[in-house]
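S.K.: Below is a structure I'd like to ask you about.
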Amino acid sequence: MAEFGVSTPSVGVAGAKPAASTGKALSVVALRKTYGDAVAVDEASMEIAAGEFVTFLGASGSGKTTTLMMIAGFCEPDSGTITVGGRDVTRLAPQKRNLGFVFQQYLLFPHMTVGENVAFPLQLRGVPKEEIRRRVGQTLEMAGLSGFAGRRPRELSGGQQQRVALCRALVYRPPVILMDEPLGALDKKLRDQLQVEIKTIQQELGLTVIYVTHDQEEALVLSDRIAVMRNGRIEQFDTPRELFERPKTAFVADFLGAANFLPGRVEQQSDAHTLVRLDHSGGLLKTRRHDLAAGVAVTVAVQPGRLRVCPPDDGFCTGTVETATYVGSVVRAGVRIDSRDTSRDTSRDTSRDTGRDTGRDTGRDTGRGAPLLRLEVPAGRGPVTGERVGICADPDDVNLFPGEQGR
Amino acid sequence: MAATLAGVPARPRRLLASRRTRIGILYALPAVAYLLALFVYPIFSTLLLSVQDLDGSLTLHWYADALTGVNLSVLFTTLRIAAETALFSLVIGFLLANAISRLRPLPAALAMLIVVVPHFISALVRTYGWIIMLGDKGLVNQLLAGLGVPGAPYQLLYNEIGVVIGTTAMMLPYTVLLLYGVMRGVDRRLLAAAASMGAGRLVIFRRVYLPLVAPGLATAGLLSFILALGYYITPALMGGPNQTMIASLINQQVMKQNQWNGAAAEGVILLLLTFAGLLLVKLVSSLGEAKKRSAS
């Protein structure tokens, strides 16, 4: 206990500078966890800098919570190492890791008041009474809970309880705070509000936070970097902008932006651009240069917001507007693009005519009905249902993935 | 105004004016009659008996008898044995319930069955079982002697040790059941939360787990204390003359001396002691609550 007292910096909470503003706060190397035959986390590796807000984003069963639990020490990895501030904590008990944890179910101690809950971790560290009183007061004030110190947790609303839990996790200034879907039990409005509060506090105090959620919007709002997880693997670990604009896999493109996917083949490769011939429309689509050989089957992915409407036959494809929904600033439109041919057989013939000799079309979805493209265009001159439109995209906004991934 | 209050029924002028009240009384009638006949009447007749002299005049000398000489020491013995029983059944019950609450559902259900099933057997049979186990040639003493424990065989029967072992065994199912229920209700993730903040096992137990099960401990302790106060068979069979408890005394007065008035006074004293016990626990818990409130 005494050593905690010494190591705890006696700086106030509000407005304090982060203990370590540079260097890596946490690193995870080749972390692996299996339950029987099921691989929960597969060789996850990452480095997180001090002061960074990192989110593990994924569907349930993607391994995001398991990874967090291993960092917290609630679950032991089969292999791999976890380092916090240069100290190997892989085999340490949770209480010896000096991390903060915010649970989805708040988990405030029901037999203690709000003030006692927040004071608890400080008492464990042997902080002097006067100091505890001051820091608990400051922390609660920062969370807008000044008058609540004497209340019982059960007298508080869900949002207030989670604020208390947040205070309790950050009052002792742990080097890393882990949050497991902390807003999952709250309603949408409160969630939005608390997202902003959490982000503000994190930036003000320079906290290092690892956050787990399945809500991609929440991840985008909060995070400096997001680790998109799928089947126990980190699919991509990048800034929200990179994930959105330069997804490394079709899964990421779909998960974050609900991208449109179209099958095609690389037609031509130039220094700056790659040209793709689309299977359905036969149109040519220009993208930024991807290192792919001509003739390779690819999947094109474009976010709905990055597609534009242009005069028919001007774009990479032409189609008919099937739906157009006005949602305020934008119109969400569904455009059924024209296929070159109605039947599959002729579709194949034409593909041979255009010189694509590696016709491995078997099993592909390409000839089966024309795809519906989803667009989000500015509401001002939005398309109307039944209108014939061309569709364009900026070459830089188009991502290519080799093979026939996506949907 | 009248229209807005139309949904709220006006207060009935007379008690029986409202149809709902009349039907309510009708429903309550059997229960009230049952309670009057089987609880209120016997208790009041006992009360009356305890303050009546043999000729029917009012007197308090039965109470004076009960609170002097041998009778008073019997009272103290009763209190002491009940307290010891409560303590031991609480400690052992806590350990058992704690262990069982950590098991998976199926083994836990099995363990609870093992704890509770002996209770289906008559207390008399179980008491004789203990007498066989605890005798000079009984299982316990033979085991101790076999292990070379100095001083074995011990005198484990017809003294206070015997009585407390017996009554504790009788009370255990109650404390285990009660504590198990409370412990199952404790959110184990709270303990994980405490660990995440840096609390060691001992601190978690003392500062989180114990306060959370404290209400259960108070109830279980009180229950075994009250049950032990009026317990008859086991103390009578496993104790010696010095372990006469109040229930045995009442039995003696009624069966051997045909002394109903004195027995009634003893019974009333037992009742008051039980009330006092309840009050004490209530007081202690509300004191703890007040102390907490003033501290925060």
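Going through the structure tokens in order, the chains are called A, B, and so on, while each chain numbers its residues from 1 and the ligands are numbered from 1 in the order shown.
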Pull the strand (DSSP E or B) assignments for segment 111-212 of chain A out of DSSP run on the backbone, and list those residues as a list in words.
M.R.: Ile177, Leu178, Met179, Asp180, Val209, Ile210, Tyr211 and Val212 of chain A
S.K.: Could you write those residues out with all heavy atoms, as a PDB file, in the first residue's frame?
M.R.:
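Output (part-v4.pdb):
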ATOM      1  N   ILE A 177      -7.024   3.529 -19.051  1.00  0.00           N
ATOM      2  CA  ILE A 177      -8.380   3.236 -18.587  1.00  0.00           C
ATOM      3  C   ILE A 177      -9.076   2.394 -19.645  1.00  0.00           C
ATOM      4  O   ILE A 177      -9.090   2.736 -20.829  1.00  0.00           O
ATOM      5  CB  ILE A 177      -9.177   4.530 -18.333  1.00  0.00           C
ATOM      6  CG1 ILE A 177      -8.512   5.339 -17.222  1.00  0.00           C
ATOM      7  CG2 ILE A 177     -10.616   4.205 -17.951  1.00  0.00           C
ATOM      8  CD1 ILE A 177      -9.208   6.642 -16.920  1.00  0.00           C
ATOM      9  N   LEU A 178      -9.622   1.274 -19.198  1.00  0.00           N
ATOM     10  CA  LEU A 178     -10.311   0.358 -20.109  1.00  0.00           C
ATOM     11  C   LEU A 178     -11.817   0.542 -19.937  1.00  0.00           C
ATOM     12  O   LEU A 178     -12.301   0.658 -18.818  1.00  0.00           O
ATOM     13  CB  LEU A 178      -9.919  -1.085 -19.794  1.00  0.00           C
ATOM     14  CG  LEU A 178      -8.423  -1.348 -19.630  1.00  0.00           C
ATOM     15  CD1 LEU A 178      -8.188  -2.769 -19.130  1.00  0.00           C
ATOM     16  CD2 LEU A 178      -7.690  -1.123 -20.933  1.00  0.00           C
ATOM     17  N   MET A 179     -12.528   0.600 -21.053  1.00  0.00           N
ATOM     18  CA  MET A 179     -13.981   0.764 -20.963  1.00  0.00           C
ATOM     19  C   MET A 179     -14.661  -0.288 -21.821  1.00  0.00           C
ATOM     20  O   MET A 179     -14.423  -0.366 -23.021  1.00  0.00           O
ATOM     21  CB  MET A 179     -14.386   2.162 -21.442  1.00  0.00           C
ATOM     22  CG  MET A 179     -13.726   3.279 -20.675  1.00  0.00           C
ATOM     23  SD  MET A 179     -14.498   4.868 -21.063  1.00  0.00           S
ATOM     24  CE  MET A 179     -13.349   5.982 -20.247  1.00  0.00           C
ATOM     25  N   ASP A 180     -15.541  -1.068 -21.183  1.00  0.00           N
ATOM     26  CA  ASP A 180     -16.226  -2.140 -21.893  1.00  0.00           C
ATOM     27  C   ASP A 180     -17.664  -1.728 -22.189  1.00  0.00           C
ATOM     28  O   ASP A 180     -18.532  -1.876 -21.342  1.00  0.00           O
ATOM     29  CB  ASP A 180     -16.192  -3.416 -21.049  1.00  0.00           C
ATOM     30  CG  ASP A 180     -16.798  -4.597 -21.765  1.00  0.00           C
ATOM     31  OD1 ASP A 180     -16.938  -4.522 -22.998  1.00  0.00           O
ATOM     32  OD2 ASP A 180     -17.138  -5.582 -21.095  1.00  0.00           O
ATOM     33  N   VAL A 209      -7.089   5.789 -23.229  1.00  0.00           N
ATOM     34  CA  VAL A 209      -8.324   5.014 -23.065  1.00  0.00           C
ATOM     35  C   VAL A 209      -8.389   3.918 -24.119  1.00  0.00           C
ATOM     36  O   VAL A 209      -8.071   4.148 -25.291  1.00  0.00           O
ATOM     37  CB  VAL A 209      -9.567   5.928 -23.195  1.00  0.00           C
ATOM     38  CG1 VAL A 209     -10.842   5.107 -23.186  1.00  0.00           C
ATOM     39  CG2 VAL A 209      -9.604   6.956 -22.080  1.00  0.00           C
ATOM     40  N   ILE A 210      -8.754   2.729 -23.674  1.00  0.00           N
ATOM     41  CA  ILE A 210      -9.111   1.669 -24.619  1.00  0.00           C
ATOM     42  C   ILE A 210     -10.589   1.391 -24.424  1.00  0.00           C
ATOM     43  O   ILE A 210     -11.046   1.115 -23.317  1.00  0.00           O
ATOM     44  CB  ILE A 210      -8.299   0.387 -24.401  1.00  0.00           C
ATOM     45  CG1 ILE A 210      -6.811   0.685 -24.537  1.00  0.00           C
ATOM     46  CG2 ILE A 210      -8.712  -0.671 -25.414  1.00  0.00           C
ATOM     47  CD1 ILE A 210      -5.948  -0.515 -24.274  1.00  0.00           C
ATOM     48  N   TYR A 211     -11.328   1.493 -25.488  1.00  0.00           N
ATOM     49  CA  TYR A 211     -12.780   1.501 -25.434  1.00  0.00           C
ATOM     50  C   TYR A 211     -13.296   0.377 -26.324  1.00  0.00           C
ATOM     51  O   TYR A 211     -12.792   0.190 -27.427  1.00  0.00           O
ATOM     52  CB  TYR A 211     -13.234   2.855 -25.977  1.00  0.00           C
ATOM     53  CG  TYR A 211     -14.662   3.237 -25.748  1.00  0.00           C
ATOM     54  CD1 TYR A 211     -15.011   4.073 -24.698  1.00  0.00           C
ATOM     55  CD2 TYR A 211     -15.667   2.809 -26.607  1.00  0.00           C
ATOM     56  CE1 TYR A 211     -16.314   4.467 -24.500  1.00  0.00           C
ATOM     57  CE2 TYR A 211     -16.979   3.188 -26.408  1.00  0.00           C
ATOM     58  CZ  TYR A 211     -17.296   4.033 -25.357  1.00  0.00           C
ATOM     59  OH  TYR A 211     -18.593   4.415 -25.162  1.00  0.00           O
ATOM     60  N   VAL A 212     -14.273  -0.355 -25.826  1.00  0.00           N
ATOM     61  CA  VAL A 212     -14.844  -1.433 -26.630  1.00  0.00           C
ATOM     62  C   VAL A 212     -16.278  -1.085 -26.993  1.00  0.00           C
ATOM     63  O   VAL A 212     -17.057  -0.671 -26.127  1.00  0.00           O
ATOM     64  CB  VAL A 212     -14.800  -2.771 -25.853  1.00  0.00           C
ATOM     65  CG1 VAL A 212     -15.788  -3.765 -26.436  1.00  0.00           C
ATOM     66  CG2 VAL A 212     -13.409  -3.353 -25.883  1.00  0.00           C
TER      67      VAL A 212
END
S.K.: At a cut-off of 7 Å, which residues of chain A touch chain B? Count only C-alpha atoms and give the answer as a ChimeraX atom specification.
M.R.: /A:94-96,98-101,107,109,111,121,124,150
S.K.: Dump N, CA and C atoms for the selected residues as a short mmCIF file (atom, residue, chain, number, x, y, z; two decimals), in the first residue's frame?
M.R.:
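Final output, saved to result-v3.cif:
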data_model
loop_
_atom_site.label_atom_id
_atom_site.label_comp_id
_atom_site.auth_asym_id
_atom_site.auth_seq_id
_atom_site.Cartn_x
_atom_site.Cartn_y
_atom_site.Cartn_z
N PRO A 94 -5.35 -8.88 -11.75
CA PRO A 94 -5.91 -7.57 -12.13
C PRO A 94 -5.53 -6.46 -11.14
N GLN A 95 -5.54 -6.79 -9.83
CA GLN A 95 -5.30 -5.74 -8.83
C GLN A 95 -3.88 -5.21 -8.85
N LYS A 96 -2.97 -5.95 -9.52
CA LYS A 96 -1.57 -5.51 -9.54
C LYS A 96 -1.22 -4.76 -10.82
N ASN A 98 -2.70 -1.88 -11.93
CA ASN A 98 -2.92 -0.43 -11.81
C ASN A 98 -3.59 0.17 -13.05
N LEU A 99 -4.65 -0.51 -13.52
CA LEU A 99 -5.41 0.01 -14.64
C LEU A 99 -6.77 0.48 -14.13
N GLY A 100 -7.44 1.28 -14.94
CA GLY A 100 -8.81 1.66 -14.61
C GLY A 100 -9.77 0.87 -15.48
N PHE A 101 -10.93 0.55 -14.95
CA PHE A 101 -11.89 -0.22 -15.75
C PHE A 101 -13.29 0.34 -15.54
N LEU A 107 -21.46 -1.17 -12.03
CA LEU A 107 -20.86 -1.90 -10.91
C LEU A 107 -20.34 -0.97 -9.81
N PHE A 109 -20.40 0.20 -5.93
CA PHE A 109 -20.65 -0.57 -4.71
C PHE A 109 -21.94 -0.04 -4.06
N HIS A 111 -23.31 -0.53 -1.24
CA HIS A 111 -23.31 -0.22 0.19
C HIS A 111 -22.49 1.03 0.50
N PRO A 121 -10.71 3.61 -4.45
CA PRO A 121 -9.37 3.31 -5.00
C PRO A 121 -8.27 4.17 -4.39
N LEU A 124 -7.29 2.62 -1.07
CA LEU A 124 -6.46 1.43 -1.28
C LEU A 124 -5.00 1.82 -1.46
N GLY A 150 -23.03 12.38 -1.24
CA GLY A 150 -23.65 11.67 -0.13
C GLY A 150 -24.75 10.72 -0.54
#
S.K.: Identify, with DSSP run on backbone atoms, the residues in segment 35-85 of chain B assigned to alpha helix (DSSP H), and express the list as a PyMOL selection string.
M.R.: chain B and resi 35+41-50+61-66+69-85
S.K.: Export C-alpha atoms of the chosen residues as a PDB file, in the first residue's frame?
M.R.:
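Result file out_10.pdb:
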ATOM      1  CA  LEU B  35     -55.079 -15.897  13.606  1.00  0.00           C
ATOM      2  CA  TYR B  41     -56.196 -16.369  21.957  1.00  0.00           C
ATOM      3  CA  PRO B  42     -53.456 -18.803  23.145  1.00  0.00           C
ATOM      4  CA  ILE B  43     -50.977 -16.007  23.701  1.00  0.00           C
ATOM      5  CA  PHE B  44     -53.440 -13.963  25.722  1.00  0.00           C
ATOM      6  CA  SER B  45     -54.543 -16.937  27.746  1.00  0.00           C
ATOM      7  CA  THR B  46     -50.886 -17.705  28.477  1.00  0.00           C
ATOM      8  CA  LEU B  47     -50.376 -14.093  29.499  1.00  0.00           C
ATOM      9  CA  LEU B  48     -53.395 -14.297  31.731  1.00  0.00           C
ATOM     10  CA  LEU B  49     -52.263 -17.567  33.248  1.00  0.00           C
ATOM     11  CA  SER B  50     -48.870 -16.101  34.071  1.00  0.00           C
ATOM     12  CA  HIS B  61     -44.962 -13.937  41.904  1.00  0.00           C
ATOM     13  CA  TRP B  62     -44.611 -16.428  39.062  1.00  0.00           C
ATOM     14  CA  TYR B  63     -42.332 -13.921  37.369  1.00  0.00           C
ATOM     15  CA  ALA B  64     -40.486 -13.369  40.631  1.00  0.00           C
ATOM     16  CA  ASP B  65     -39.983 -17.151  40.857  1.00  0.00           C
ATOM     17  CA  ALA B  66     -38.819 -17.335  37.289  1.00  0.00           C
ATOM     18  CA  GLY B  69     -32.491 -18.768  42.149  1.00  0.00           C
ATOM     19  CA  VAL B  70     -32.132 -21.803  39.906  1.00  0.00           C
ATOM     20  CA  ASN B  71     -34.681 -20.505  37.428  1.00  0.00           C
ATOM     21  CA  LEU B  72     -32.624 -17.401  36.780  1.00  0.00           C
ATOM     22  CA  SER B  73     -29.500 -19.452  36.173  1.00  0.00           C
ATOM     23  CA  VAL B  74     -31.500 -21.600  33.741  1.00  0.00           C
ATOM     24  CA  LEU B  75     -32.436 -18.408  31.944  1.00  0.00           C
ATOM     25  CA  PHE B  76     -28.805 -17.345  31.687  1.00  0.00           C
ATOM     26  CA  THR B  77     -27.771 -20.812  30.517  1.00  0.00           C
ATOM     27  CA  THR B  78     -30.427 -20.617  27.836  1.00  0.00           C
ATOM     28  CA  LEU B  79     -29.194 -17.252  26.646  1.00  0.00           C
ATOM     29  CA  ARG B  80     -25.569 -18.408  26.659  1.00  0.00           C
ATOM     30  CA  ILE B  81     -26.216 -21.640  24.772  1.00  0.00           C
ATOM     31  CA  ALA B  82     -28.416 -19.838  22.258  1.00  0.00           C
ATOM     32  CA  ALA B  83     -25.704 -17.239  21.669  1.00  0.00           C
ATOM     33  CA  GLU B  84     -23.014 -19.903  21.277  1.00  0.00           C
ATOM     34  CA  THR B  85     -25.228 -21.828  18.888  1.00  0.00           C
TER      35      THR B  85
END
S.K.: Can you build me a table of segment 160-191 of chain A residues sitting at most 12 Å from segment 216-238 of chain A, with the closest atom pair per residue and its distance in Å to one decimal, using only C-alpha atoms, sorted by chain and residue number, as a Markdown table?
M.R.:
| residue | atom | partner | partner_atom | distance |
| --- | --- | --- | --- | --- |
| A:Glu181 | CA | A:Glu218 | CA | 10.0 |
| A:Pro182 | CA | A:Glu218 | CA | 11.1 |
| A:Leu183 | CA | A:Glu218 | CA | 9.5 |
| A:Gly184 | CA | A:Glu218 | CA | 10.5 |
| A:Lys188 | CA | A:Glu218 | CA | 10.7 |
| A:Arg191 | CA | A:Glu218 | CA | 8.8 |
S.K.: Tell me, as a list in words, which residues lie within 10 Å of segment 280-288 of chain B, counting only C-alpha atoms; anything in the same chain fewer than 5 positions away does not count.
M.R.: Ala214, Pro215, Ala218, Thr219, Gly221, Leu222, Thr274, Phe275 and Arg293 of chain B
S.K.: With N, CA and C atoms kept, could you save the residues just selected as a PDB file, in the first residue's frame?
M.R.:
ATOM      1  N   ALA B 214     -23.792  -8.720   4.847  1.00  0.00           N
ATOM      2  CA  ALA B 214     -24.049  -8.424   6.257  1.00  0.00           C
ATOM      3  C   ALA B 214     -25.525  -8.561   6.658  1.00  0.00           C
ATOM      4  N   PRO B 215     -26.466  -8.053   5.846  1.00  0.00           N
ATOM      5  CA  PRO B 215     -27.868  -8.209   6.238  1.00  0.00           C
ATOM      6  C   PRO B 215     -28.247  -9.675   6.404  1.00  0.00           C
ATOM      7  N   ALA B 218     -26.884 -10.998   9.723  1.00  0.00           N
ATOM      8  CA  ALA B 218     -27.692 -10.565  10.867  1.00  0.00           C
ATOM      9  C   ALA B 218     -28.952 -11.408  10.978  1.00  0.00           C
ATOM     10  N   THR B 219     -29.626 -11.611   9.840  1.00  0.00           N
ATOM     11  CA  THR B 219     -30.867 -12.383   9.854  1.00  0.00           C
ATOM     12  C   THR B 219     -30.601 -13.832  10.257  1.00  0.00           C
ATOM     13  N   GLY B 221     -28.058 -15.082  11.954  1.00  0.00           N
ATOM     14  CA  GLY B 221     -27.643 -15.164  13.351  1.00  0.00           C
ATOM     15  C   GLY B 221     -28.837 -15.049  14.276  1.00  0.00           C
ATOM     16  N   LEU B 222     -29.703 -14.102  13.964  1.00  0.00           N
ATOM     17  CA  LEU B 222     -30.886 -13.886  14.794  1.00  0.00           C
ATOM     18  C   LEU B 222     -31.800 -15.098  14.760  1.00  0.00           C
ATOM     19  N   THR B 274     -37.203 -13.142  22.873  1.00  0.00           N
ATOM     20  CA  THR B 274     -37.179 -13.189  21.415  1.00  0.00           C
ATOM     21  C   THR B 274     -37.390 -11.796  20.834  1.00  0.00           C
ATOM     22  N   PHE B 275     -38.372 -11.092  21.376  1.00  0.00           N
ATOM     23  CA  PHE B 275     -38.633  -9.727  20.926  1.00  0.00           C
ATOM     24  C   PHE B 275     -37.400  -8.852  21.131  1.00  0.00           C
ATOM     25  N   ARG B 293     -24.229   7.287   7.409  1.00  0.00           N
ATOM     26  CA  ARG B 293     -24.794   8.502   6.830  1.00  0.00           C
ATOM     27  C   ARG B 293     -24.066   9.743   7.372  1.00  0.00           C
TER      28      ARG B 293
END
S.K.: Quick one: residues within 8 Å of Leu256 of chain A, only C-alpha atoms, excluding same-chain residues fewer than 2 positions away - as a list in words?
M.R.: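 Listing them by chain and then by number gives Gln216, Leu243, Phe244, Val252, Ala253, Asp254, Ala258 and Ala259 of chain A.
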S.K.: Leaving out segment 297-308 of chain A and any residue of its chain fewer than 2 positions from it, which residues lie within 6 Å of it when counting only C-alpha atoms, given as a PyMOL selection string?
M.R.: chain A and resi 257+259-265+374-376+391-393+398-404
